[in-house]
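Below is upload-v3.pdb, which holds PDB, C-alpha atoms.
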```
ATOM      1  CA  MET A  15     106.418  87.675  83.629  1.00  0.00           C
ATOM      2  CA  PHE A  16     108.328  85.725  86.293  1.00  0.00           C
ATOM      3  CA  ASN A  17     105.782  82.914  86.172  1.00  0.00           C
ATOM      4  CA  ALA A  18     105.792  82.782  82.377  1.00  0.00           C
ATOM      5  CA  VAL A  19     109.580  82.718  81.991  1.00  0.00           C
ATOM      6  CA  LYS A  20     110.382  80.517  84.992  1.00  0.00           C
ATOM      7  CA  ASN A  21     107.342  78.260  84.531  1.00  0.00           C
ATOM      8  CA  ALA A  22     106.442  79.052  88.138  1.00  0.00           C
ATOM      9  CA  ASP A  23     103.187  79.543  89.995  1.00  0.00           C
ATOM     10  CA  GLU A  24     103.895  82.527  92.256  1.00  0.00           C
ATOM     11  CA  PRO A  25     100.854  84.538  93.360  1.00  0.00           C
ATOM     12  CA  VAL A  26     100.040  87.550  91.186  1.00  0.00           C
ATOM     13  CA  GLY A  27      97.974  90.582  92.040  1.00  0.00           C
ATOM     14  CA  GLY A  28      97.300  92.864  94.931  1.00  0.00           C
ATOM     15  CA  VAL A  29      98.281  96.427  95.607  1.00  0.00           C
ATOM     16  CA  THR A  30     101.803  97.330  94.549  1.00  0.00           C
ATOM     17  CA  LEU A  31     103.931 100.367  93.859  1.00  0.00           C
ATOM     18  CA  ALA A  32     105.088  98.688  90.642  1.00  0.00           C
ATOM     19  CA  GLU A  33     101.718  98.247  88.982  1.00  0.00           C
ATOM     20  CA  GLY A  34     103.275  98.960  85.584  1.00  0.00           C
ATOM     21  CA  ILE A  35     105.055  95.601  85.661  1.00  0.00           C
ATOM     22  CA  ALA A  36     102.651  93.615  87.843  1.00  0.00           C
ATOM     23  CA  VAL A  37     100.775  91.839  85.073  1.00  0.00           C
ATOM     24  CA  ARG A  38      98.994  88.502  85.255  1.00  0.00           C
ATOM     25  CA  ALA A  39     100.009  87.445  81.759  1.00  0.00           C
ATOM     26  CA  PRO A  40     102.621  89.083  79.527  1.00  0.00           C
ATOM     27  CA  GLY A  41     101.919  89.833  75.899  1.00  0.00           C
ATOM     28  CA  LYS A  42     103.257  87.331  73.364  1.00  0.00           C
ATOM     29  CA  LEU A  43     105.695  89.806  71.807  1.00  0.00           C
ATOM     30  CA  THR A  44     106.935  90.969  75.210  1.00  0.00           C
ATOM     31  CA  GLN A  45     107.496  87.398  76.335  1.00  0.00           C
ATOM     32  CA  GLN A  46     109.454  86.576  73.154  1.00  0.00           C
ATOM     33  CA  VAL A  47     111.703  89.608  73.615  1.00  0.00           C
ATOM     34  CA  ILE A  48     112.316  88.811  77.292  1.00  0.00           C
ATOM     35  CA  GLU A  49     113.086  85.158  76.584  1.00  0.00           C
ATOM     36  CA  SER A  50     115.604  86.076  73.885  1.00  0.00           C
ATOM     37  CA  LEU A  51     117.364  88.978  75.633  1.00  0.00           C
ATOM     38  CA  VAL A  52     117.037  88.612  79.422  1.00  0.00           C
ATOM     39  CA  ASP A  53     119.277  86.291  81.454  1.00  0.00           C
ATOM     40  CA  ASP A  54     117.318  86.311  84.707  1.00  0.00           C
ATOM     41  CA  ILE A  55     114.239  87.771  86.361  1.00  0.00           C
ATOM     42  CA  MET A  56     114.209  88.496  90.074  1.00  0.00           C
ATOM     43  CA  LEU A  57     111.332  89.229  92.411  1.00  0.00           C
ATOM     44  CA  VAL A  58     111.513  91.996  94.997  1.00  0.00           C
ATOM     45  CA  ASP A  59     109.023  92.788  97.734  1.00  0.00           C
ATOM     46  CA  GLU A  60     107.218  96.056  98.382  1.00  0.00           C
ATOM     47  CA  ARG A  61     109.671  97.031 101.094  1.00  0.00           C
ATOM     48  CA  ALA A  62     112.562  96.876  98.616  1.00  0.00           C
ATOM     49  CA  LEU A  63     110.579  98.994  96.147  1.00  0.00           C
ATOM     50  CA  GLU A  64     109.864 101.548  98.865  1.00  0.00           C
ATOM     51  CA  ARG A  65     113.549 101.703  99.771  1.00  0.00           C
ATOM     52  CA  ALA A  66     114.573 102.171  96.135  1.00  0.00           C
ATOM     53  CA  LEU A  67     111.970 104.900  95.589  1.00  0.00           C
ATOM     54  CA  SER A  68     113.132 106.644  98.757  1.00  0.00           C
ATOM     55  CA  LEU A  69     116.756 106.557  97.607  1.00  0.00           C
ATOM     56  CA  TYR A  70     115.849 107.978  94.211  1.00  0.00           C
ATOM     57  CA  LEU A  71     113.861 110.770  95.825  1.00  0.00           C
ATOM     58  CA  ASN A  72     116.239 111.668  98.656  1.00  0.00           C
ATOM     59  CA  VAL A  73     119.618 111.113  96.975  1.00  0.00           C
ATOM     60  CA  GLN A  74     119.001 111.756  93.282  1.00  0.00           C
ATOM     61  CA  LYS A  75     116.030 114.137  93.731  1.00  0.00           C
ATOM     62  CA  VAL A  76     114.106 112.076  91.179  1.00  0.00           C
ATOM     63  CA  LEU A  77     110.522 110.935  91.576  1.00  0.00           C
ATOM     64  CA  ALA A  78     110.298 107.542  89.877  1.00  0.00           C
ATOM     65  CA  GLU A  79     107.301 105.318  89.201  1.00  0.00           C
ATOM     66  CA  GLY A  80     107.418 102.090  91.217  1.00  0.00           C
ATOM     67  CA  ALA A  81     108.213  99.931  88.201  1.00  0.00           C
ATOM     68  CA  GLY A  82     111.062 102.295  87.364  1.00  0.00           C
ATOM     69  CA  ALA A  83     112.626 101.618  90.762  1.00  0.00           C
ATOM     70  CA  ALA A  84     112.409  97.826  90.428  1.00  0.00           C
ATOM     71  CA  GLY A  85     115.909  97.545  88.963  1.00  0.00           C
ATOM     72  CA  LEU A  86     117.469  99.471  91.844  1.00  0.00           C
ATOM     73  CA  ALA A  87     115.383  97.446  94.296  1.00  0.00           C
ATOM     74  CA  ALA A  88     116.767  94.222  92.785  1.00  0.00           C
ATOM     75  CA  ILE A  89     120.359  95.511  93.032  1.00  0.00           C
ATOM     76  CA  LEU A  90     119.804  96.427  96.677  1.00  0.00           C
ATOM     77  CA  GLU A  91     118.195  93.056  97.477  1.00  0.00           C
ATOM     78  CA  TYR A  92     120.645  90.910  95.473  1.00  0.00           C
ATOM     79  CA  PRO A  93     123.997  92.759  95.418  1.00  0.00           C
ATOM     80  CA  ASP A  94     125.858  89.708  94.074  1.00  0.00           C
TER
END
```

Can you dump the structure from the file as structure tokens?
Amino acid sequence: MFNAVKNADEPVGGVTLAEGIAVRAPGKLTQQVIESLVDDIMLVDERALERALSLYLNVQKVLAEGAGAAGLAAILEYPD
């Protein structure tokens, strides 16, 4: 999605905890919704996802899927 919205050429693929959002090409409808409603898309690395998942598990006692922790990972990586 990052590449599609930002017209970028970042590498895509590989093993990730957030496989639910690690897609090579977004669907047309999904891309239209994102372009009309989302202000920015940020990338986070696996370490940030691991940290966010750990916080959910240890603090909130919630087991989240990797993609579900991506928002918290972005907040932790980019607090501004």

Expected selection from the PyMOL selection byres ((chain A and resi 89) around 12), given as a VMD selection string: chain A and resid 55 to 58 62 to 63 65 to 66 83 to 88 90 to 94

If you take every atom of stretch 42-53 of chain A that the file lists and fit an axis-aligned box around them with 3 Å extra on each side, what centre and edge lengths come out in Å to one decimal, as lines of an AutoDock Vina configuration file?
```
center_x = 111.3
center_y = 88.1
center_z = 76.6
size_x = 22.0
size_y = 11.8
size_z = 15.6
```

Coordinates-based distance that separates atom CA of A:Thr30 from atom CA of A:Asn72 (Å, one decimal):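 Taking atom CA of A:Asn72 and atom CA of A:Thr30, their separation equals 20.8 Å.
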
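Atom CA of A:Ala32 sits 18.4 Å away from atom CA of A:Gln45.
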
Contacts of A:Lys20 at 10 Å (only C-alpha atoms; same-chain gap of 5+ positions) as a ChimeraX atom specification: /A:15,49,54-55

Who sits within 10 Å of A:Arg38, all atoms listed in the file, same chain under 4 positions skipped, as an MDAnalysis selection string: chainID A and resid 15:18 25:27

Atom pair atom CA of A:Asp59 / atom CA of A:Glu24: separation (Å):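 Between these atoms lies a distance of 12.7 Å.
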
If we draw a sphere of 6 Å around (106.4, 102.1, 87.9), which residues have at least one atom in it when counting all atoms listed in the file? Please report them as an mmCIF file with C-alpha atoms, keeping the file's coordinate frame.
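Output contents, as saved in result.cif:
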```cif
data_model
loop_
_atom_site.group_PDB
_atom_site.id
_atom_site.type_symbol
_atom_site.label_atom_id
_atom_site.label_comp_id
_atom_site.auth_asym_id
_atom_site.auth_seq_id
_atom_site.Cartn_x
_atom_site.Cartn_y
_atom_site.Cartn_z
ATOM 1 C CA ALA A 32 105.088 98.688 90.642
ATOM 2 C CA GLY A 34 103.275 98.960 85.584
ATOM 3 C CA GLU A 79 107.301 105.318 89.201
ATOM 4 C CA GLY A 80 107.418 102.090 91.217
ATOM 5 C CA ALA A 81 108.213 99.931 88.201
ATOM 6 C CA GLY A 82 111.062 102.295 87.364
#
```

Nearest to A:Leu31 by atom-to-atom distance, counting only C-alpha atoms, from A:Leu43, A:Ala78, A:Ile48, A:Leu69: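 Between A:Leu43, A:Ala78, A:Ile48, A:Leu69, the residue approaching A:Leu31 most closely is A:Ala78.
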
Could stretch 27-55 of chain A be completed with N, CA and C atoms and written as a compact mmCIF listing (two decimals), in the coordinates of the input, please?
```txt
# COMPACT_ATOMS: atom_id res chain seq x y z
N GLY A 27 99.08 89.68 91.74
CA GLY A 27 97.97 90.58 92.04
C GLY A 27 98.19 91.30 93.35
N GLY A 28 97.22 92.09 93.70
CA GLY A 28 97.30 92.86 94.93
C GLY A 28 97.81 94.26 94.66
N VAL A 29 97.84 95.05 95.70
CA VAL A 29 98.28 96.43 95.61
C VAL A 29 99.80 96.46 95.59
N THR A 30 100.36 97.22 94.66
CA THR A 30 101.80 97.33 94.55
C THR A 30 102.19 98.71 94.04
N LEU A 31 103.38 99.12 94.38
CA LEU A 31 103.93 100.37 93.86
C LEU A 31 104.37 100.21 92.40
N ALA A 32 104.58 98.97 91.99
CA ALA A 32 105.09 98.69 90.64
C ALA A 32 103.99 98.12 89.76
N GLU A 33 102.84 98.78 89.74
CA GLU A 33 101.72 98.25 88.98
C GLU A 33 101.99 98.21 87.48
N GLY A 34 102.93 98.98 87.01
CA GLY A 34 103.28 98.96 85.58
C GLY A 34 103.89 97.65 85.12
N ILE A 35 104.45 96.88 86.04
CA ILE A 35 105.06 95.60 85.66
C ILE A 35 104.39 94.42 86.36
N ALA A 36 103.36 94.68 87.12
CA ALA A 36 102.65 93.62 87.84
C ALA A 36 101.48 93.13 86.99
N VAL A 37 101.80 92.33 85.99
CA VAL A 37 100.78 91.84 85.07
C VAL A 37 100.55 90.35 85.30
N ARG A 38 99.31 89.93 85.10
CA ARG A 38 98.99 88.50 85.26
C ARG A 38 99.58 87.67 84.12
N ALA A 39 99.49 88.18 82.92
CA ALA A 39 100.01 87.44 81.76
C ALA A 39 100.68 88.44 80.81
N PRO A 40 101.93 88.18 80.45
CA PRO A 40 102.62 89.08 79.53
C PRO A 40 102.10 88.91 78.11
N GLY A 41 102.26 89.94 77.31
CA GLY A 41 101.92 89.83 75.90
C GLY A 41 102.87 88.88 75.20
N LYS A 42 102.43 88.31 74.09
CA LYS A 42 103.26 87.33 73.36
C LYS A 42 104.56 87.95 72.88
N LEU A 43 104.49 89.15 72.30
CA LEU A 43 105.70 89.81 71.81
C LEU A 43 106.64 90.13 72.96
N THR A 44 106.11 90.65 74.04
CA THR A 44 106.94 90.97 75.21
C THR A 44 107.62 89.72 75.73
N GLN A 45 106.90 88.64 75.83
CA GLN A 45 107.50 87.40 76.33
C GLN A 45 108.60 86.90 75.41
N GLN A 46 108.42 87.00 74.10
CA GLN A 46 109.45 86.58 73.15
C GLN A 46 110.72 87.42 73.30
N VAL A 47 110.55 88.72 73.46
CA VAL A 47 111.70 89.61 73.61
C VAL A 47 112.44 89.29 74.91
N ILE A 48 111.70 89.13 76.00
CA ILE A 48 112.32 88.81 77.29
C ILE A 48 113.06 87.48 77.22
N GLU A 49 112.44 86.47 76.65
CA GLU A 49 113.09 85.16 76.58
C GLU A 49 114.36 85.18 75.74
N SER A 50 114.42 86.05 74.74
CA SER A 50 115.60 86.08 73.89
C SER A 50 116.70 87.00 74.42
N LEU A 51 116.37 87.99 75.23
CA LEU A 51 117.36 88.98 75.63
C LEU A 51 117.70 89.03 77.12
N VAL A 52 116.85 88.47 77.97
CA VAL A 52 117.04 88.61 79.42
C VAL A 52 117.59 87.32 80.01
N ASP A 53 118.65 87.46 80.83
CA ASP A 53 119.28 86.29 81.45
C ASP A 53 118.53 85.80 82.68
N ASP A 54 117.97 86.72 83.47
CA ASP A 54 117.32 86.31 84.71
C ASP A 54 116.27 87.34 85.09
N ILE A 55 115.27 86.90 85.81
CA ILE A 55 114.24 87.77 86.36
C ILE A 55 114.19 87.53 87.86
```
